[in-house]
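Have a look at the structure below, then the notes.
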Amino acid sequence: MPKGPVKGTQIKGSRYYFVEAQGKARIWHKLTKVSEGLPAFYRALAEQMVSIANPETMPAAVTKWCTEVMSKHADKTQIDEQRRANDIAAAFQDFAPREVETPDCYEFLKQFDAMARTYDAYRSQLRSIFRYCEIWGMRPAGSNPVDAIPTKGYKPRKRYITDSHLRRIKIAGLYGDDGRVNPSGLVFCCITELLYLTGADVSVAVRILEQSDPSQPDEPHVCADGIMLRRDKTDGSSRPVIVEWTPRLRAVVTRLLAIKDEQRKKKRPRRVETPRLITKVDGTPMNYEAYSNAWQKAMKRAMRTGKVPPTMIRDLRAKAATDKDDDEGLQAANHLLDHTTQSQTASYIRRKKARRVMAVK
């Protein structure tokens, strides 16, 4: 029987279960269906853990944080936060929240010394958990043990994906190791193209609907003028952005619609009839995990050619901002990425070539 994404969970049939040990007995707690994705699984697991956890332990505090705080974050953010929450709960399982001191937190964070971005992410989440422990009365006010630990800080990425790199990555995703076309290769190419053309986050792009849904007007969707997008921001500062049609954008949307039509015509029954534009081979909605896995496989094949450097998904957004800045200026790039300030957008711009200016005289 396959194990679930988190220690103590199992996959049985098409559903996740949390298996609780009570002596020699094993109690199976039903969670979500596998097809509902990891964010739903993590929320259900957090709720289940709250119901059985001792409220005086750190794992219980972490679970409460996941239920009341993490659950309000974007799906992609929740996946990363839940993974870190599991590590934090395991590391402090023998502590009560009020027993944890600064040296304990520093010792936990030292394992990430060589990874500045990861170190700061764990520090930030650990600090947030203890801040809420103060709010919930689990620690004295003003006693956050993480406050005294400095951040690492890290240099921003400078990787710029050239047009040639982008083309090679899409080709690597289209064909498998055996040289044959992947069943999901064309969908991968379309998503990659869509991410570049719109500058959208994966978590937003995979939710694009074929048309507007009156009950969910803020959900990204295809409209008469292009594609309406709205970023997932916890502070509610996101604004709707319509990325207007270009020949390339219209072509990729047309191709995705054609893929869905082809899936409908196949004899095997579709498990889900979805209004979303992007679907997997079996017709179910595309999600971040599926695209991320496809990206990692494509990158391994692309890098073996020696012509593509290590590249991350988020570099697509930087390329979109850079190319938009080159063509139309920083303000246009700012509008595309829906940043609050132009200084935020400027941090995405990759100076891939020298600027040309006339001599003074």
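Starting from 1 in every chain, residues are counted up; chains themselves are A, B, ... following the order of the structure tokens, and ligands are numbered from 1 as listed.
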Original post:
Using only C-alpha atoms, which residues sit within 12 Å of Asp323 (chain A) once same-chain residues fewer than 2 positions away are excluded, as a PyMOL selection string?
Top reply: chain A and resi 160-163+196-199+316-321+325-330+332-334+336+348-353
Selection to disk with C-alpha atoms, as a PDB file, in the first residue's frame:
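Produced file selection23.pdb, reproduced below:
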ATOM      1  CA  TYR A 160      17.752  35.004 -17.706  1.00  0.00           C
ATOM      2  CA  ILE A 161      16.090  32.427 -19.933  1.00  0.00           C
ATOM      3  CA  THR A 162      16.971  33.204 -23.533  1.00  0.00           C
ATOM      4  CA  ASP A 163      14.531  32.410 -26.311  1.00  0.00           C
ATOM      5  CA  TYR A 196       5.919  33.270 -20.273  1.00  0.00           C
ATOM      6  CA  LEU A 197       3.363  35.216 -22.295  1.00  0.00           C
ATOM      7  CA  THR A 198       1.279  36.242 -19.271  1.00  0.00           C
ATOM      8  CA  GLY A 199       3.914  36.412 -16.505  1.00  0.00           C
ATOM      9  CA  LEU A 316       9.847  32.306 -16.582  1.00  0.00           C
ATOM     10  CA  ARG A 317       8.223  35.200 -14.723  1.00  0.00           C
ATOM     11  CA  ALA A 318      11.542  37.061 -14.671  1.00  0.00           C
ATOM     12  CA  LYS A 319      11.911  36.534 -18.425  1.00  0.00           C
ATOM     13  CA  ALA A 320       8.392  37.862 -19.000  1.00  0.00           C
ATOM     14  CA  ALA A 321       9.182  40.993 -16.956  1.00  0.00           C
ATOM     15  CA  ASP A 325      10.581  46.034 -19.945  1.00  0.00           C
ATOM     16  CA  ASP A 326      12.743  45.904 -23.086  1.00  0.00           C
ATOM     17  CA  ASP A 327       9.748  46.281 -25.408  1.00  0.00           C
ATOM     18  CA  GLU A 328       7.458  48.693 -23.532  1.00  0.00           C
ATOM     19  CA  GLY A 329       9.235  49.919 -20.403  1.00  0.00           C
ATOM     20  CA  LEU A 330       9.142  49.273 -16.665  1.00  0.00           C
ATOM     21  CA  ALA A 332       4.225  47.901 -18.612  1.00  0.00           C
ATOM     22  CA  ALA A 333       6.218  45.172 -16.860  1.00  0.00           C
ATOM     23  CA  ASN A 334       4.837  46.410 -13.525  1.00  0.00           C
ATOM     24  CA  LEU A 336       1.885  42.657 -16.230  1.00  0.00           C
ATOM     25  CA  TYR A 348      12.683  40.823 -11.452  1.00  0.00           C
ATOM     26  CA  ILE A 349      14.414  42.473 -14.400  1.00  0.00           C
ATOM     27  CA  ARG A 350      17.456  40.579 -15.698  1.00  0.00           C
ATOM     28  CA  ARG A 351      20.021  42.844 -17.339  1.00  0.00           C
ATOM     29  CA  LYS A 352      20.854  40.440 -20.119  1.00  0.00           C
ATOM     30  CA  LYS A 353      22.623  42.942 -22.340  1.00  0.00           C
TER      31      LYS A 353
END
List every residue of region 241-355 of chain A that has an atom at most 10 Å from any atom of region 181-195 of chain A, giving for each one its closest atom pair and the distance in Å to one decimal, counting only C-alpha atoms, sorted by chain and then by ascending residue number, as a tab-separated table.
residue	atom	partner	partner_atom	distance
A:Arg248	CA	A:Glu193	CA	8.7
A:Leu249	CA	A:Leu194	CA	7.0
A:Arg250	CA	A:Leu194	CA	9.9
A:Ala251	CA	A:Cys190	CA	9.5
A:Val252	CA	A:Cys190	CA	5.9
A:Val253	CA	A:Cys190	CA	8.1
A:Arg255	CA	A:Cys190	CA	7.7
A:Leu256	CA	A:Cys190	CA	7.0
A:Ile259	CA	A:Val187	CA	7.9
A:Ile278	CA	A:Val187	CA	7.7
A:Thr279	CA	A:Val187	CA	7.9
A:Lys280	CA	A:Ser184	CA	7.0
A:Val281	CA	A:Ser184	CA	5.9
A:Asp282	CA	A:Ser184	CA	9.6
A:Met286	CA	A:Val187	CA	9.5
A:Ala290	CA	A:Phe188	CA	9.6
A:Tyr291	CA	A:Phe188	CA	7.0
A:Ser292	CA	A:Phe188	CA	9.9
A:Ala294	CA	A:Phe188	CA	7.1
A:Trp295	CA	A:Phe188	CA	7.9
A:Ala298	CA	A:Phe188	CA	9.3
A:Ile313	CA	A:Thr192	CA	8.8
A:Arg314	CA	A:Leu195	CA	9.4
A:Leu316	CA	A:Leu195	CA	6.7
A:Arg317	CA	A:Leu195	CA	7.1
A:Lys319	CA	A:Leu195	CA	10.0
A:Ala320	CA	A:Leu195	CA	8.3
Secondary structure check, strand (DSSP E or B) residues of region 124-261 of chain A, as a compact mmCIF listing (two decimals) with N, CA, C and O atoms, in the first residue's frame:
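Printed below is part-v7.txt as written:
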# COMPACT_ATOMS: atom_id res chain seq x y z
N TYR A 175 9.35 15.60 -25.53
CA TYR A 175 9.83 14.25 -25.81
C TYR A 175 10.39 13.60 -24.55
O TYR A 175 11.04 14.25 -23.73
N VAL A 181 7.21 11.16 -28.23
CA VAL A 181 6.42 12.26 -27.68
C VAL A 181 5.74 11.82 -26.39
O VAL A 181 5.11 10.76 -26.35
N LEU A 209 -10.14 29.59 -16.28
CA LEU A 209 -11.38 28.99 -16.77
C LEU A 209 -11.56 29.28 -18.25
O LEU A 209 -11.06 30.29 -18.76
N HIS A 221 -9.77 33.80 -16.06
CA HIS A 221 -10.58 33.21 -17.13
C HIS A 221 -10.27 33.84 -18.48
O HIS A 221 -9.69 34.93 -18.57
N VAL A 222 -10.65 33.13 -19.52
CA VAL A 222 -10.54 33.63 -20.89
C VAL A 222 -11.72 34.55 -21.15
O VAL A 222 -12.87 34.21 -20.85
N CYS A 223 -11.44 35.75 -21.69
CA CYS A 223 -12.51 36.70 -22.00
C CYS A 223 -12.33 37.22 -23.43
O CYS A 223 -11.39 36.82 -24.13
N GLY A 226 -8.88 38.94 -23.96
CA GLY A 226 -7.65 38.22 -23.64
C GLY A 226 -7.87 37.27 -22.47
O GLY A 226 -8.86 36.55 -22.42
N ILE A 227 -6.96 37.30 -21.51
CA ILE A 227 -7.06 36.46 -20.32
C ILE A 227 -7.04 37.35 -19.08
O ILE A 227 -6.12 38.15 -18.90
N MET A 228 -8.08 37.23 -18.26
CA MET A 228 -8.14 37.99 -17.01
C MET A 228 -7.45 37.19 -15.92
O MET A 228 -7.78 36.03 -15.68
N LEU A 229 -6.48 37.82 -15.27
CA LEU A 229 -5.73 37.18 -14.21
C LEU A 229 -5.82 38.00 -12.94
O LEU A 229 -5.95 39.22 -12.99
N VAL A 241 -5.95 41.91 -13.93
CA VAL A 241 -5.14 42.30 -15.07
C VAL A 241 -5.63 41.52 -16.28
O VAL A 241 -5.74 40.29 -16.23
N ILE A 242 -5.96 42.20 -17.35
CA ILE A 242 -6.33 41.53 -18.59
C ILE A 242 -5.12 41.55 -19.52
O ILE A 242 -4.67 42.61 -19.95
N VAL A 243 -4.57 40.37 -19.78
CA VAL A 243 -3.46 40.25 -20.72
C VAL A 243 -4.08 40.13 -22.11
O VAL A 243 -4.72 39.12 -22.43
N GLU A 244 -3.93 41.16 -22.90
CA GLU A 244 -4.64 41.23 -24.18
C GLU A 244 -4.07 40.25 -25.19
O GLU A 244 -2.90 39.84 -25.13
**OP:** Would you mind reading off the distance between CA of Asp201 (chain A) and CA of Arg231 (chain A), one decimal, in Å?
**Re:** 7.6 Å
Subject >> Contacts of Ile208 (chain A) at 7 Å (only C-alpha atoms; same-chain gap of 2+ positions) as a list of chain:residue names >> reply: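 Once the nearby chain positions are removed, what remains is A:Val204, A:Ala205, A:Val206, A:Glu210, A:Pro220, A:His221, A:Arg276, A:Leu277.
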**OP:** DSSP on the backbone, then: every residue of region 31-119 of chain A marked helix (DSSP H, G or I), written as a ChimeraX atom specification.
**Re:** /A:34-36,38-52,58-68,70-72,75-91,97-99,102-112,116-119
Subject >> Residue nearest Trp65 (chain A) - candidates A:Glu101, A:Pro39, A:Ser128, A:Thr9, atoms counted: only C-alpha atoms >> reply: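 For Trp65 (chain A), the nearest of the given residues is A:Ser128.
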Original post:
For Ile171 (chain A), which of A:Thr254, A:Thr322, A:Thr32, A:Thr305 is the closest residue, counting only C-alpha atoms?
Top reply: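 Once distances to Ile171 (chain A) are computed over only C-alpha atoms, the minimum belongs to A:Thr305.
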Original post:
Rounded to one decimal in Å, what is the spacing between CA of Tyr42 (chain A) and CA of Met58 (chain A)?
Top reply: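 Going from CA of Tyr42 (chain A) over to CA of Met58 (chain A) covers 17.8 Å.
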Original post:
If you measure from CA of Cys133 (chain A) to CA of Gln78 (chain A), what distance in Å do you get, rounded to one decimal?
Top reply: 19.4 Å
Original post:
Near region 105-109 of chain A, within 9 Å and counting only C-alpha atoms, which residues show up once chain neighbours fewer than 3 positions away are dropped, as a PyMOL selection string?
Top reply: chain A and resi 88+91-92+100-102+112-113+119-120+122-123+126+145-146+149
Could you write out that same residue set with N, CA and C atoms as a tab-separated table (two decimals), in the first residue's frame?
chain	number	residue	atom	x	y	z
A	88	ILE	N	9.12	21.13	11.55
A	88	ILE	CA	9.14	21.86	12.82
A	88	ILE	C	8.46	21.04	13.92
A	91	ALA	N	10.75	18.19	14.96
A	91	ALA	CA	11.95	18.62	15.68
A	91	ALA	C	11.65	19.03	17.11
A	92	PHE	N	10.44	19.58	17.37
A	92	PHE	CA	10.09	20.08	18.70
A	92	PHE	C	8.99	19.24	19.36
A	100	VAL	N	10.28	26.21	24.66
A	100	VAL	CA	11.26	26.42	23.59
A	100	VAL	C	11.99	27.74	23.81
A	101	GLU	N	13.33	27.68	23.73
A	101	GLU	CA	14.15	28.86	23.93
A	101	GLU	C	14.96	29.15	22.66
A	102	THR	N	15.59	30.33	22.63
A	102	THR	CA	16.33	30.76	21.45
A	102	THR	C	17.39	29.75	21.01
A	112	PHE	N	20.21	24.31	8.02
A	112	PHE	CA	19.96	24.96	6.73
A	112	PHE	C	20.98	26.07	6.45
A	113	ASP	N	22.10	26.07	7.18
A	113	ASP	CA	23.11	27.14	7.04
A	113	ASP	C	23.55	27.37	5.61
A	119	TYR	N	16.79	28.60	4.84
A	119	TYR	CA	17.00	29.01	6.23
A	119	TYR	C	16.01	30.11	6.61
A	120	ASP	N	15.94	31.15	5.78
A	120	ASP	CA	15.06	32.28	6.09
A	120	ASP	C	13.59	31.89	6.06
A	122	TYR	N	12.31	28.88	6.86
A	122	TYR	CA	12.03	28.17	8.12
A	122	TYR	C	12.02	29.14	9.30
A	123	ARG	N	12.96	30.08	9.32
A	123	ARG	CA	13.00	31.06	10.41
A	123	ARG	C	11.71	31.87	10.45
A	126	LEU	N	8.79	29.67	11.66
A	126	LEU	CA	8.94	29.37	13.08
A	126	LEU	C	8.59	30.60	13.93
A	145	PRO	N	11.07	33.33	20.78
A	145	PRO	CA	12.48	32.92	20.84
A	145	PRO	C	13.24	33.08	19.53
A	146	VAL	N	12.53	33.42	18.45
A	146	VAL	CA	13.19	33.54	17.14
A	146	VAL	C	13.64	34.97	16.87
A	149	ILE	N	17.34	35.76	16.52
A	149	ILE	CA	18.12	35.05	15.50
A	149	ILE	C	18.08	35.85	14.19
Subject >> Minimum-distance residue to Glu81 (chain A), chosen among A:Ala121, A:Glu36, A:Ala60, A:Ala114 (using only C-alpha atoms) >> reply: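 That would be A:Ala121, the residue with the smallest distance to Glu81 (chain A).
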**OP:** Tell me, as a ChimeraX atom specification, which residues lie within 9 Å of region 302-304 of chain A, counting only C-alpha atoms; anything in the same chain fewer than 2 positions away does not count.
**Re:** /A:165,168-173,297-300,306-310
Original post:
Which polymer residues have any atom within 12 Å of an atom of Cys66 (chain A), counting only C-alpha atoms, with same-chain residues fewer than 2 positions away left out, as a ChimeraX atom specification?
Top reply: /A:39,42-50,59-64,68-73,77-86,88-89,125-126,128-129,132
Subject >> Non-local contacts of region 153-157 of chain A (8 Å; only C-alpha atoms; under 3 positions in same chain excluded) as a PyMOL selection string >> reply: chain A and resi 116-117+120+347
